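Taking it in order: structure first as C-alpha cells, then the write-up.
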Amino acid sequence: MDGALLLQQIVNGLVLGSSYALVALGFTLVLGTLDLLNFAHGETIMGGAFAALVSMTVLDLPLALTFVVAAAVGAVAAAVVYFISIRYVNKTYWAAPALSTVGIGLLLQTGATRIFGTIQREVPDPLRASQVSLEEVSISASQILIVAVTLVIMFALHLLLVRTRIGKAIRAVAESMTTASLLGVNVERTIAITLIISGILAGIAAVLTSFAYTTITPFIGLNLLLKGMTGMIIGGLGNVYGAMVGGIIVGLLETFTVGYWSATYQDVVVYGVMIAVLMFRPSGMFGAKIRKRA
Amino acid sequence: MLKVSTRPTRIKLCSTERRRMLRAASLLAAVPLLGLAPSIATAESKEIKIGVVLTVDGPWGSYGKKAFRGVRLAAEDVNKAGGVKGMMIKLVEYDNHANVREVPNIIRRLATVDNVLAIIGPFTSGEGEVGFPVANQLKIPIVAPATAKGGIMKGNRPWAFRTVMPDDENTAPVIRHVVKQRSIKSVVIFMDVKDAVSNYMGKVFWPSLFKGLGVKFETVTFQSNAPSVAAQASTVKSMAPDAVVLASSPGDAAKVAIELRRQGVTAQLLGSGGLFGEEFVKSGGPAVEGGITAAQYWRENPDLKVQTLVKSIESRTGEKLVLHEAYSYDIVLALRDAIAKSGVTGKAEDLERDRERIRGALDGLEITGASGHHRLDPETGEVFRPIMQATVKGGEWTVEVIQATKGN
Amino acid sequence: MFGAYIDGVVIAAGINALLGLGLYVTVSTGQFSVGHGGFMAIGAYVASILTLKFGFSLVPAMLVGGGCAFVVGALIGLPVMRFDMIYLAMATLGFGEIVRSVLSTIDYVGGVNGLRGMSGVTIWHVLVTLAIVLVLAWLHDRSRMGIAYSAVRQDPDAALAMGIDVRRVKVGAFAIGAGITGVAGALYAHHMLFIDPEAFGFPMSIAIVLFVIFGGLGVFWGPVLGAIALTVLPEMLHFIKEWYLFLYGAIYIVMMIWRPQGIVDRAMIRRLSQLLRPRSAPAAGASR
C-alpha cells in the first residue's frame, strides 16, 4: 500500500471529518437542550456558505471577517428557527417543532435557488497558495485551518460549557428544564442562546465546509444534515464531545471507502455503521445525554 | 376489561341538515373540478396551443429558467412574424417544481384538458423516463431539449423526440482525434456513480473507447451528493495519468477540476458533450483551462442564419445565448416548420389528426436554428448535429467542427 | 374512466392515501417513523422485478412486494421498539437511507439507472386496494386490537400493566404499516412506469409524514384526507408557478403553528359525530 497516499487520505478524512464534526456539534447541542431535531440545520450551513461566498467575492472581505459574516448569518437563521419552531409552534404536539424546521429548510433552499441560481459556485480559498509538503503528502493551509479551527472550537465550547455561567445554564436545561427553572435559570433565554450558539457554529462550519467542498450549491444541506446526524449517533446523542469524535469518524469512513473501495458504497458504509451503532450500542461511543422520553 | 361498543350508530338527518351537508359536499367537490375544466376551443380557432413542462427549481433550475425563456422568446418571434399559417402560438406552461412525480400528471393535463398540439420538455432524464411513455400512450408529440440518458427513446417511439445528442454519439470522434494528437497513453476516468448518464459513460462508453484506442485507463468514483472529492483527487495524483476524463455533470466536473488542480494534478482534462456549457467554464475558472470536450453548441457559428438569431435573442435578454436556451428556442421553430408543412388546421375536431401530422413532420425534420443545423432521426427520435470539438481557451470555449451533420 | 388526467390524479391520490394509511398504522402505536420510503422502495422493487423478469401479473406481484415489506418491517420493528421517539426517528431515517443507497449499488435492479417498463395500474386496482385497506382499518379500529394500539400509544407502561403484549403490538404495527406501504410502492412503480432509488429517499419519507400530519392522527381516515388534499392541491395551484415550493414550505410552518394536529383531530371527529347523530338521543357509544 502506498504510504504517501495513505497519509494523504488520512489528512483528507480528518479535514472532511472536522466539518462534519462541527455540523454534528451544532445539531447535538440543540437536540440535547431542546429535544429538537433541527432539520433546517443543513440549510443553515448552506446559508452560511453562501454568505461566505458573497463576503469573499462581492464584498471582498478578508477571511477573518468572512467567518464573522457567516457566523452572523448562521445566528440569524437560528433565530428564525427559534421564533418559528420554539416560540410560536404549538408544542402540545411533540413532532411539531421538528416538522416546522423541515419547512424552514425548504424555504431557505428555495430562496437560495432564486437568489444564487443552481450552478456550482467556487468559494475562493485565500490560503490555497500556501501548501505544506511533507514527503509526497501535500497539505494546504486551508486544510490545516479547518482542523485547527475545529479543535479550537471544541476547546472553546468545552470551556464555555464548564467554566461559564451560561454554559452551566445550558447543561442544567439539558438535564431538566423544570429543575433548572427552579434553580433560577432563565430557561427561555438559555434556549434562545443555545440556538444562537448552534447557528454560530453552523456559520463557522459553513466557511470551512466550503473550502473542503471547493464549490457549493443550494442543495448541499441535506447531505450535511444526514452525515452530521450519523456523527452524532456514533458519538452519542446529546453528547458534545461524542459529536465531534463521531463527525471525524464519519469523515474518515467516507474518505477511506471512496479512496480505497468505490464511491458506490460510500453511503452504504456510513449509514451501515449508523444502523450498527443504533442496534448494538444505541447510546453511542460516549453515551447519550438526552432526556428520556416515552 | 375494556368494553367496546358494538351497537352501530344510527345516522338520521333531518331535511335541513341534509340539505346543508349536500350543499357543502357539492361545493367541496366542485372546487377541484374548477381547475380541470377542459379548455374549449372556439369553432374558429386562431391559436396553436403548445404545452411546456419544465422547472426553475431543483439542481437544474438555472437551466430550466433559460429553457423557459428560450421557448417564450421563440413563440414571441414566430407570432410577430405572423404566426404559423395565420395562427398564433399560445404557450401553456407548467412548472413541475423539481418533482418527478408531477411530470406525468402535467403531461396528461396538457394532452387531455388543455388539448395542446405538442409538448416541449421535460428536462432531466428521470422526468423523461416517466414523461415520455405517457405522451406516447396519449399519442401527443413531445420534444425535449435535454434528458441525456441513453436508452430512453427506444420504448417511447414514435411520439417522443429530443434535440440533445446523446453523449456516445457526439464524443467518440472528438476524443479519438485528441488522443492521437496529444499522444495520450494513460487516462483516469473520474465518474459520478450517482448519476445514470455518468454511470453509463464511465462504466461502458469510456472504457470501450479507450480499449479500442489502446489507452490504459483506471476508474475513480465519486458521488455527486457528497461534494468533497479530496480523497479521489489524491488517488488520481498518485496515479499520474496523461489525461483525466470527467464523467459527470458539468458543475461537478468543474468542482473535480478545481480540486485536482489544487492538489497539483496537471493532466489534460477531457469530457463528453454533456460537459459542454457555461457552467463548466464559469464554475471551473482557471482550473478547466485547456479542457477539451465534444461541443454541443457553437454560439460563434458564422452561418448567417445562426448569427441573426443569436444576435436577435441576445439583444433582448442582454445575456450570452447558452445551449439550453438556444435548443429550446429551436424546438419552437421546429414545431412551427412541422405545423407549416403538414396541413395542421388547429381546429378542435382535428386535434388527433393534427398531432399525428406534427409527429409525422418532425420525423426527419431538418432545421437551422440558433443552435445551428440539426436533423431529427425518424427511426430513433434522436437528433443529428455536427460533431464539434470545444477547447477552453482564456476562460471561453473555442469550437471547431470535426464532422458535419450525419446524413448530409 | 374519467379521462386520462383525472384518472391519473385519482390514482396518485389513491396511492398516496395508501401510503398515509401505511404510516398511520405504525404511528398509531406511538412509533413515529421517518423512513417509510424504504418500505415503499422494497414493495416497488420486488413487485417490479417480479413483473418484469418473472412474468408475474400485477396483483400477485403487488402482494408479494407488500409481503416482503411486511417481513422487513417486522425485522426493523423488533429492535426499534425499545427506542424512544428521537432514537426511533433517527433509526428509521437511517433505515430509509440505507435502503436507498443499497438499491443503487445493485445492478440487477438497475442500480442508479433504475427500472423501466412496468405498467398495468388502472384506477380500479388502486380504488379496490384502498377500499380493502380502509375496511380493514375500520374493522381494526373497532376491535380489541385497535384499542390496544391506542393504549400503547398513550402509555406503553400502563398498557403493559393491563396485560397488553406491547411487544407484539409494536412490532405488528411496524410490520403491517410496512406491508401496506410496500403495496402502495408496488402500485406506484407500475403507475409511474419507471423507478430509481432516488424516488424513495428522505424527501419521499417526509412527504408521507406530511400526508399524515396534514390530515390528522385522530382517526385512520385522517391521513387519507391529508393525502388526497396534498395530491389534489398541487393540481389546483399550478397557476402560482414558481412560488409553489415557497407555499409548500410555508404550509409546513403554518400547519405546525396553527393546527399541528391536522385537519381531522378528535375535536372535529366529535363535532362530526354529533352532526350525524339523531337530534333527540344523547351521544352514546364508547368514547376514545
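In the C-alpha cells, the first chain shown is A, the next is B, and so on; residue numbers restart at 1 for each chain, and ligands run from 1 in the order shown.
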
task: Mind checking which residues fall within 7 Å of Val212 (chain C), counting only C-alpha atoms, ignoring those fewer than 5 positions away in the same chain, and posting them as a PyMOL selection string?
output: chain C and resi 20+24+217+223+226

For all heavy atoms, I'd like the residues from the last selection saved as a PDB file, in the first residue's frame.
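What landed in out.pdb:
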ATOM      1  N   GLY C  20     -50.311   6.994   3.244  1.00  0.00           N
ATOM      2  CA  GLY C  20     -50.700   7.628   4.501  1.00  0.00           C
ATOM      3  C   GLY C  20     -51.199   6.607   5.499  1.00  0.00           C
ATOM      4  O   GLY C  20     -50.842   6.632   6.678  1.00  0.00           O
ATOM      5  N   TYR C  24     -49.768   5.591   9.054  1.00  0.00           N
ATOM      6  CA  TYR C  24     -50.678   5.787  10.181  1.00  0.00           C
ATOM      7  C   TYR C  24     -50.692   4.575  11.097  1.00  0.00           C
ATOM      8  O   TYR C  24     -50.684   4.705  12.318  1.00  0.00           O
ATOM      9  CB  TYR C  24     -52.089   6.084   9.674  1.00  0.00           C
ATOM     10  CG  TYR C  24     -53.093   6.093  10.786  1.00  0.00           C
ATOM     11  CD1 TYR C  24     -53.183   7.183  11.643  1.00  0.00           C
ATOM     12  CD2 TYR C  24     -53.914   4.996  11.025  1.00  0.00           C
ATOM     13  CE1 TYR C  24     -54.080   7.187  12.696  1.00  0.00           C
ATOM     14  CE2 TYR C  24     -54.808   4.998  12.074  1.00  0.00           C
ATOM     15  CZ  TYR C  24     -54.886   6.086  12.898  1.00  0.00           C
ATOM     16  OH  TYR C  24     -55.764   6.082  13.943  1.00  0.00           O
ATOM     17  N   LEU C 217     -53.959  12.812  13.000  1.00  0.00           N
ATOM     18  CA  LEU C 217     -53.729  11.487  13.545  1.00  0.00           C
ATOM     19  C   LEU C 217     -54.923  10.966  14.336  1.00  0.00           C
ATOM     20  O   LEU C 217     -54.870   9.900  14.909  1.00  0.00           O
ATOM     21  CB  LEU C 217     -52.511  11.532  14.477  1.00  0.00           C
ATOM     22  CG  LEU C 217     -51.173  11.671  13.773  1.00  0.00           C
ATOM     23  CD1 LEU C 217     -50.097  11.967  14.783  1.00  0.00           C
ATOM     24  CD2 LEU C 217     -50.850  10.391  13.046  1.00  0.00           C
ATOM     25  N   PRO C 223     -55.277  10.588   7.672  1.00  0.00           N
ATOM     26  CA  PRO C 223     -54.207  10.566   6.683  1.00  0.00           C
ATOM     27  C   PRO C 223     -54.724  10.393   5.259  1.00  0.00           C
ATOM     28  O   PRO C 223     -54.112  10.883   4.321  1.00  0.00           O
ATOM     29  CB  PRO C 223     -53.371   9.351   7.104  1.00  0.00           C
ATOM     30  CG  PRO C 223     -53.631   9.192   8.552  1.00  0.00           C
ATOM     31  CD  PRO C 223     -55.039   9.619   8.758  1.00  0.00           C
ATOM     32  N   GLY C 226     -55.716  13.758   4.245  1.00  0.00           N
ATOM     33  CA  GLY C 226     -54.494  14.540   4.075  1.00  0.00           C
ATOM     34  C   GLY C 226     -53.810  14.210   2.761  1.00  0.00           C
ATOM     35  O   GLY C 226     -53.386  15.102   2.027  1.00  0.00           O
TER      36      GLY C 226
END

Residue hits in chain A, query chain B, radius 7 Å, only C-alpha atoms, as an MDAnalysis selection string: chainID A and resid 5 8:9 12 117:122 212:215 223 255 258:259 262:264

- request: Within 8 Å of chain B, which residues of chain C are there when counting only C-alpha atoms? Please give them as a list in words.
  value: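 Putting it all together, I get Gly3, Ala4, Tyr5, Gly8, Val9, Ser104, Val112, Asn113, Arg116, Arg142, Ser143, Arg144, Met192, Leu193, Phe194, Val232, Glu235, Met236, His238, Lys241, Glu242, Tyr244, Leu245, Leu276, Arg277, Pro278, Gly285 and Ala286 of chain C.
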
How would the residues just picked look written out with C-alpha atoms as a tab-separated table (two decimals), in the first residue's frame?
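Below you can see out_16.tsv, which holds the result:
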chain	number	residue	atom	x	y	z
C	3	GLY	CA	-60.29	10.85	-18.79
C	4	ALA	CA	-56.57	10.34	-18.61
C	5	TYR	CA	-55.81	13.36	-16.46
C	8	GLY	CA	-54.04	9.91	-13.20
C	9	VAL	CA	-54.79	12.26	-10.32
C	104	SER	CA	-28.29	2.00	-6.03
C	112	VAL	CA	-28.80	4.22	-10.37
C	113	ASN	CA	-30.26	3.67	-13.82
C	116	ARG	CA	-38.38	0.87	-16.51
C	142	ARG	CA	-63.35	-1.04	16.44
C	143	SER	CA	-61.62	-4.19	17.55
C	144	ARG	CA	-59.77	-5.04	20.73
C	192	MET	CA	-45.02	5.75	-12.86
C	193	LEU	CA	-43.60	3.18	-15.34
C	194	PHE	CA	-40.09	3.94	-14.05
C	232	VAL	CA	-55.12	17.50	-5.43
C	235	GLU	CA	-53.07	20.29	-9.36
C	236	MET	CA	-55.23	23.24	-8.40
C	238	HIS	CA	-50.47	25.27	-10.96
C	241	LYS	CA	-45.99	28.56	-10.91
C	242	GLU	CA	-42.59	29.14	-9.40
C	244	TYR	CA	-45.24	26.71	-5.32
C	245	LEU	CA	-42.28	25.46	-3.25
C	276	LEU	CA	-74.61	12.78	12.27
C	277	ARG	CA	-76.44	11.79	15.41
C	278	PRO	CA	-80.24	11.92	15.68
C	285	GLY	CA	-71.03	4.74	22.34
C	286	ALA	CA	-67.54	4.31	23.73

message: as a PyMOL selection string, please: every residue in region 132-164 of chain B that DSSP puts in strand (DSSP E).
response: chain B and resi 142-144+160-162

Please, could you write that set of residues out with C-alpha atoms as a PDB file, in the first residue's frame?
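Here's the written file result_26.pdb:
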ATOM      1  CA  ILE B 142     -43.210  15.548 -27.118  1.00  0.00           C
ATOM      2  CA  VAL B 143     -39.836  17.142 -27.792  1.00  0.00           C
ATOM      3  CA  ALA B 144     -37.268  17.543 -25.018  1.00  0.00           C
ATOM      4  CA  ALA B 160     -41.013  11.180 -28.261  1.00  0.00           C
ATOM      5  CA  PHE B 161     -38.150  13.257 -29.632  1.00  0.00           C
ATOM      6  CA  ARG B 162     -35.191  15.021 -28.157  1.00  0.00           C
TER       7      ARG B 162
END

Write out, as a tab-separated table, each residue of chain C that has an atom at most 6 Å from chain A, together with the closest pair of atoms and their distance in Å to one decimal, counting only C-alpha atoms, rows going by chain and rising number.
residue	atom	partner	partner_atom	distance
C:Asp84	CA	A:Ala294	CA	5.7
C:Ile98	CA	A:Val268	CA	5.9
C:Ser101	CA	A:Val268	CA	5.6
C:Phe246	CA	A:Leu107	CA	5.7
C:Gly249	CA	A:Gly103	CA	4.2
C:Tyr252	CA	A:Gly103	CA	5.0
C:Ile253	CA	A:Ser100	CA	4.7
C:Met256	CA	A:Ala96	CA	5.3
C:Ile257	CA	A:Val89	CA	4.1

Could you please take those selected residues and save C-alpha atoms as a short mmCIF file (atom, residue, chain, number, x, y, z; two decimals), in the first residue's frame?
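File produced: selection-v1.cif:
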data_model
loop_
_atom_site.label_atom_id
_atom_site.label_comp_id
_atom_site.auth_asym_id
_atom_site.auth_seq_id
_atom_site.Cartn_x
_atom_site.Cartn_y
_atom_site.Cartn_z
CA ASP C 84 -37.77 6.41 22.41
CA ILE C 98 -29.69 2.50 3.76
CA SER C 101 -28.14 3.52 -1.03
CA PHE C 246 -42.44 28.56 -1.07
CA GLY C 249 -42.65 25.14 2.89
CA TYR C 252 -45.42 23.04 6.92
CA ILE C 253 -44.73 26.00 9.15
CA MET C 256 -47.37 23.38 12.84
CA ILE C 257 -48.14 26.73 14.37
#

Residue contacts of region 123-132 of chain C (10 Å, only C-alpha atoms) excluding same-chain residues fewer than 2 positions away, as a compact mmCIF listing (two decimals) with C-alpha atoms, in the first residue's frame:
# COMPACT_ATOMS: atom_id res chain seq x y z
CA MET C 1 -62.68 6.24 -16.73
CA PHE C 2 -62.87 9.98 -16.23
CA ILE C 6 -58.37 12.87 -13.74
CA ASP C 7 -57.72 9.14 -13.73
CA GLY C 8 -54.04 9.91 -13.20
CA VAL C 9 -54.79 12.26 -10.32
CA VAL C 10 -57.19 9.81 -8.70
CA ILE C 11 -54.65 7.02 -8.96
CA ALA C 12 -51.95 9.23 -7.48
CA ALA C 13 -54.28 10.29 -4.68
CA GLY C 14 -55.21 6.68 -4.01
CA ILE C 15 -51.59 5.57 -3.83
CA ASN C 16 -50.78 8.48 -1.53
CA ALA C 17 -53.75 7.58 0.64
CA LEU C 18 -52.40 4.06 0.95
CA LEU C 21 -52.54 4.64 5.92
CA LEU C 58 -49.66 -7.09 -11.19
CA VAL C 59 -51.81 -8.27 -8.28
CA GLY C 120 -50.70 -2.03 -15.69
CA VAL C 121 -52.17 0.05 -12.92
CA LEU C 134 -59.94 1.10 4.55
CA VAL C 135 -62.37 -1.63 5.53
CA LEU C 136 -59.63 -3.48 7.36
CA ALA C 137 -58.60 -0.27 9.09
CA TRP C 138 -62.19 0.41 10.11
CA ILE C 180 -49.37 -1.51 3.29
CA VAL C 183 -48.21 -2.47 -1.64
CA ALA C 184 -48.52 1.25 -2.30
CA LEU C 187 -48.68 0.35 -7.34
CA TYR C 188 -46.51 3.46 -7.56
CA HIS C 191 -48.14 3.63 -12.37
CA VAL C 224 -56.39 9.52 3.75

task: Looking only at alpha helix (DSSP H) from DSSP on the backbone, list the matching residues of region 63-288 of chain A as a VMD selection string.
output: chain A and resid 63 to 81 96 to 116 141 to 163 165 to 175 177 to 182 187 to 213 221 to 235 240 to 256 266 to 280

task: Report the distance between CA of Gly73 (chain C) and CA of Ser119 (chain C) in Å, rounded to one decimal place.
output: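 Those two atoms sit 26.1 Å apart.
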
field: 12 Å contact set for Ala69 (chain C), only C-alpha atoms, chain neighbours under 6 positions out, as a ChimeraX atom specification
entry: /C:22,36-47,62-63,75-77,99,174-186

File of the preceding selection, N, CA and C atoms, as a tab-separated table (two decimals), in the first residue's frame:
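New file out_18.tsv:
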chain	number	residue	atom	x	y	z
C	22	GLY	N	-50.46	3.46	5.55
C	22	GLY	CA	-49.35	2.62	5.98
C	22	GLY	C	-48.57	3.27	7.11
C	36	HIS	N	-40.36	5.56	6.03
C	36	HIS	CA	-41.26	4.65	5.33
C	36	HIS	C	-41.01	4.59	3.84
C	37	GLY	N	-40.23	5.55	3.33
C	37	GLY	CA	-39.83	5.47	1.92
C	37	GLY	C	-39.09	4.18	1.65
C	38	GLY	N	-38.37	3.69	2.64
C	38	GLY	CA	-37.65	2.44	2.47
C	38	GLY	C	-38.58	1.27	2.23
C	39	PHE	N	-39.67	1.18	2.97
C	39	PHE	CA	-40.63	0.09	2.76
C	39	PHE	C	-41.30	0.23	1.41
C	40	MET	N	-41.56	1.49	1.04
C	40	MET	CA	-42.17	1.74	-0.27
C	40	MET	C	-41.25	1.21	-1.36
C	41	ALA	N	-39.94	1.48	-1.18
C	41	ALA	CA	-38.96	1.02	-2.17
C	41	ALA	C	-38.95	-0.49	-2.28
C	42	ILE	N	-38.99	-1.16	-1.13
C	42	ILE	CA	-38.95	-2.63	-1.15
C	42	ILE	C	-40.14	-3.17	-1.93
C	43	GLY	N	-41.31	-2.68	-1.60
C	43	GLY	CA	-42.50	-3.13	-2.32
C	43	GLY	C	-42.40	-2.83	-3.80
C	44	ALA	N	-41.93	-1.64	-4.13
C	44	ALA	CA	-41.85	-1.23	-5.53
C	44	ALA	C	-40.88	-2.11	-6.30
C	45	TYR	N	-39.69	-2.29	-5.75
C	45	TYR	CA	-38.67	-3.03	-6.48
C	45	TYR	C	-39.01	-4.51	-6.59
C	46	VAL	N	-39.46	-5.12	-5.49
C	46	VAL	CA	-39.80	-6.55	-5.55
C	46	VAL	C	-40.89	-6.79	-6.58
C	47	ALA	N	-41.94	-5.99	-6.52
C	47	ALA	CA	-43.04	-6.18	-7.46
C	47	ALA	C	-42.57	-5.96	-8.90
C	62	MET	N	-47.78	-7.38	-6.53
C	62	MET	CA	-48.06	-6.36	-5.53
C	62	MET	C	-48.11	-6.98	-4.14
C	63	LEU	N	-48.78	-8.14	-4.06
C	63	LEU	CA	-48.93	-8.77	-2.76
C	63	LEU	C	-47.60	-9.30	-2.24
C	75	LEU	N	-38.75	-7.11	10.97
C	75	LEU	CA	-37.34	-7.17	11.36
C	75	LEU	C	-36.86	-5.83	11.92
C	76	ILE	N	-37.35	-4.74	11.33
C	76	ILE	CA	-36.97	-3.42	11.82
C	76	ILE	C	-37.68	-3.13	13.13
C	77	GLY	N	-38.93	-3.54	13.19
C	77	GLY	CA	-39.74	-3.22	14.36
C	77	GLY	C	-39.21	-3.83	15.64
C	99	VAL	N	-31.68	1.68	2.64
C	99	VAL	CA	-32.38	1.01	1.54
C	99	VAL	C	-32.06	1.71	0.23
C	174	PHE	N	-45.53	-2.04	13.10
C	174	PHE	CA	-44.46	-1.75	12.13
C	174	PHE	C	-44.63	-2.61	10.90
C	175	ALA	N	-44.84	-3.91	11.14
C	175	ALA	CA	-44.92	-4.83	10.02
C	175	ALA	C	-46.11	-4.53	9.13
C	176	ILE	N	-47.28	-4.35	9.75
C	176	ILE	CA	-48.48	-4.10	8.95
C	176	ILE	C	-48.35	-2.77	8.20
C	177	GLY	N	-47.89	-1.75	8.90
C	177	GLY	CA	-47.69	-0.46	8.24
C	177	GLY	C	-46.74	-0.59	7.07
C	178	ALA	N	-45.65	-1.34	7.29
C	178	ALA	CA	-44.67	-1.54	6.21
C	178	ALA	C	-45.31	-2.28	5.05
C	179	GLY	N	-46.12	-3.28	5.35
C	179	GLY	CA	-46.75	-4.05	4.29
C	179	GLY	C	-47.65	-3.20	3.42
C	180	ILE	N	-48.48	-2.39	4.05
C	180	ILE	CA	-49.37	-1.51	3.29
C	180	ILE	C	-48.55	-0.54	2.44
C	181	THR	N	-47.50	0.01	3.05
C	181	THR	CA	-46.64	0.94	2.32
C	181	THR	C	-45.99	0.24	1.13
C	182	GLY	N	-45.60	-1.04	1.34
C	182	GLY	CA	-44.99	-1.79	0.25
C	182	GLY	C	-45.96	-1.99	-0.91
C	183	VAL	N	-47.21	-2.31	-0.58
C	183	VAL	CA	-48.21	-2.47	-1.64
C	183	VAL	C	-48.37	-1.15	-2.40
C	184	ALA	N	-48.42	-0.06	-1.65
C	184	ALA	CA	-48.52	1.25	-2.30
C	184	ALA	C	-47.32	1.48	-3.21
C	185	GLY	N	-46.14	1.05	-2.74
C	185	GLY	CA	-44.93	1.20	-3.56
C	185	GLY	C	-45.03	0.43	-4.85
C	186	ALA	N	-45.58	-0.79	-4.78
C	186	ALA	CA	-45.73	-1.60	-5.98
C	186	ALA	C	-46.66	-0.90	-6.97

task: Excluding Asp265 (chain C) and residues on its chain fewer than 6 positions from it, collect all residues at most 10 Å away from it, counting only C-alpha atoms, and give them as a ChimeraX atom specification.
output: /C:215-219,222,259

How would the residues just picked look written out with C-alpha atoms as a PDB file, in the first residue's frame?
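Heads up, here's the output in result20.pdb:
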ATOM      1  CA  GLY C 215     -54.693  15.003   7.594  1.00  0.00           C
ATOM      2  CA  GLY C 216     -54.581  14.378  11.288  1.00  0.00           C
ATOM      3  CA  LEU C 217     -53.729  11.487  13.545  1.00  0.00           C
ATOM      4  CA  GLY C 218     -57.091  11.378  15.270  1.00  0.00           C
ATOM      5  CA  VAL C 219     -58.529   8.614  13.174  1.00  0.00           C
ATOM      6  CA  GLY C 222     -57.366  11.479   8.594  1.00  0.00           C
ATOM      7  CA  ARG C 259     -53.045  23.255  13.658  1.00  0.00           C
TER       8      ARG C 259
END

query: Pick the closest to Phe83 (chain C) from C:Arg153, C:Leu230, C:Gly262, C:Gln31: which is it, counting only C-alpha atoms?
result: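 Once distances to Phe83 (chain C) are computed over only C-alpha atoms, the minimum belongs to C:Gln31.
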
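Atom pair CA of Val92 (chain B) / CA of Asn79 (chain B): separated by 15.0 Å.
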
field: Atomic distance CA of Leu201 (chain A) - CA of Gly94 (chain C), expressed in Å with one decimal
entry: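 If I compute the distance from CA of Leu201 (chain A) to CA of Gly94 (chain C), I get 24.3 Å.
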
task: Fewer than 3 positions away in the same chain doesn't count, so skip those; otherwise give me all residues within 10 Å of region 157-166 of chain C, counting only C-alpha atoms, as a PyMOL selection string.
output: (chain A and resi 294) or (chain B and resi 1-2) or (chain C and resi 29+81+145+148-154+169-172)

- request: Find the residues around Pro158 (chain B) up to 8 Å (only C-alpha atoms counted), leave out those fewer than 5 positions away in its own chain, and share them as a PyMOL selection string.
  value: chain B and resi 136+359+381

Residues of the last selection are to be written out with C-alpha atoms, as a compact mmCIF listing (two decimals), in the first residue's frame.
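Writing the result to result27.txt gives the following:
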# COMPACT_ATOMS: atom_id res chain seq x y z
CA ASN B 136 -46.51 8.10 -26.21
CA ARG B 359 -45.39 13.98 -35.42
CA GLY B 381 -36.28 10.29 -32.37
